[in-house]
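Engineer: Starting off with a structure, shown below.
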Amino acid sequence: STGPTMHVSWGRQQLGPTPLTLMRPRDSGPMDLVLHAAGCFPMHVRAFTYKDDTIVVRPTRVEDRKNLFGARAELPPEGDGGVPASAPRPAAPRPAPAPGPAR
């Protein structure tokens, strides 16, 4: 399976769908590209122009976000404060001691 077709942009300029071949003058500076596909996270890649290169990306669907490195657990529903009813409640903080006489 090749995955969804992604659309490539460079800043505001739309470059076209994947697969895409770009021709740039050698050493004309890096290109920060963004690849978009419906239902997937955008992919940010940097293409360098000091050499010929091939960039291969594998898009991640939004529903598969748990497979990404550093993914966190789902947030609790709005309104419950995120604390289960059975969880122990933290103790109230103690008031700060009154300052002593100045020396």
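Labels for the structure tokens follow display order: chains A, B, ..., residues from 1 in each chain, ligands from 1.
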Need the shell around region 21-31 of chain A: protein/DNA/RNA residues with any atom at most 8 Å away, counting only C-alpha atoms. Skip same-chain ones fewer than 5 positions apart. Format as a list in words?

Structural biologist: Trp10, Arg46, Ala47, Phe48, Thr49, Tyr50 and Lys51 of chain A

Engineer: Keeping only C-alpha atoms, take the residues you just selected and write them out as a PDB file, in the first residue's frame.

Structural biologist:
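Result written to again_34.pdb:
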ATOM      1  CA  TRP A  10       6.800  25.490   0.169  1.00  0.00           C
ATOM      2  CA  ARG A  46      13.740  20.100   5.018  1.00  0.00           C
ATOM      3  CA  ALA A  47      15.174  19.446   1.570  1.00  0.00           C
ATOM      4  CA  PHE A  48      18.781  20.485   0.996  1.00  0.00           C
ATOM      5  CA  THR A  49      20.059  21.678  -2.374  1.00  0.00           C
ATOM      6  CA  TYR A  50      23.769  20.935  -1.928  1.00  0.00           C
ATOM      7  CA  LYS A  51      23.193  17.338  -3.118  1.00  0.00           C
TER       8      LYS A  51
END

Engineer: Residues of chain A classed as strand (DSSP E) by DSSP on the backbone are to be reported as an NGL selection string.

Structural biologist: :A and (7-10 or 13-17 or 31-36 or 43-47)

Engineer: List the spatial neighbours of Leu20 (chain A) as a list in words - criterion: any atom at most 12 Å away, only C-alpha atoms, same-chain residues fewer than 5 positions off excluded.

Structural biologist: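 So, after excluding close chain neighbours, the residues are Thr5, Met6, His7, Val8, Ser9, Gln14, Leu15, Leu33, Leu35, Thr54, Ile55 and Val56 of chain A.
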
Engineer: Limited to C-alpha atoms, could you put the picked residues into a file as a JSON list (two decimals), in the first residue's frame?

Structural biologist:
[["chain", "number", "residue", "atom", "x", "y", "z"],
["A", 5, "THR", "CA", -1.61, 11.21, -1.93],
["A", 6, "MET", "CA", 0.02, 14.13, -0.17],
["A", 7, "HIS", "CA", 0.09, 17.73, -1.37],
["A", 8, "VAL", "CA", 3.43, 19.54, -1.06],
["A", 9, "SER", "CA", 3.78, 23.23, -0.24],
["A", 14, "GLN", "CA", 1.67, 24.92, -3.68],
["A", 15, "LEU", "CA", 4.14, 22.61, -5.48],
["A", 33, "LEU", "CA", 8.40, 21.72, 2.78],
["A", 35, "LEU", "CA", 3.17, 17.71, 3.10],
["A", 54, "THR", "CA", 15.24, 11.51, -2.20],
["A", 55, "ILE", "CA", 12.88, 12.11, 0.70],
["A", 56, "VAL", "CA", 10.50, 9.34, 1.70]]

Engineer: By how many Å are CA of Val57 (chain A) and CA of Cys40 (chain A) apart?

Structural biologist: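 Calculated distance between CA of Val57 (chain A) and CA of Cys40 (chain A) is 12.1 Å.
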
Engineer: Of the candidates A:Pro97, A:Pro90, A:Pro76, A:Pro4, which shows the shortest atom-to-atom distance to Phe41 (chain A), using only C-alpha atoms?

Structural biologist: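 Looking at the shortest contact to Phe41 (chain A), the residue is A:Pro4.
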
Engineer: CA of Thr60 (chain A) and CA of Pro19 (chain A) are how many Å apart?

Structural biologist: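 That distance, rounded to one decimal, is 17.1 Å.
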
Engineer: Quick one, how far is CA of Pro17 (chain A) from CA of Pro59 (chain A)?

Structural biologist: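 These two atoms are separated by 13.7 Å.
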
Engineer: Just asking: which residues within chain A are helix (DSSP H, G or I) according to DSSP, as a list in words?

Structural biologist: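 So, restricting chain A to helix (DSSP H, G or I), we get Val62, Glu63, Asp64, Arg65, Lys66 and Asn67 of chain A.
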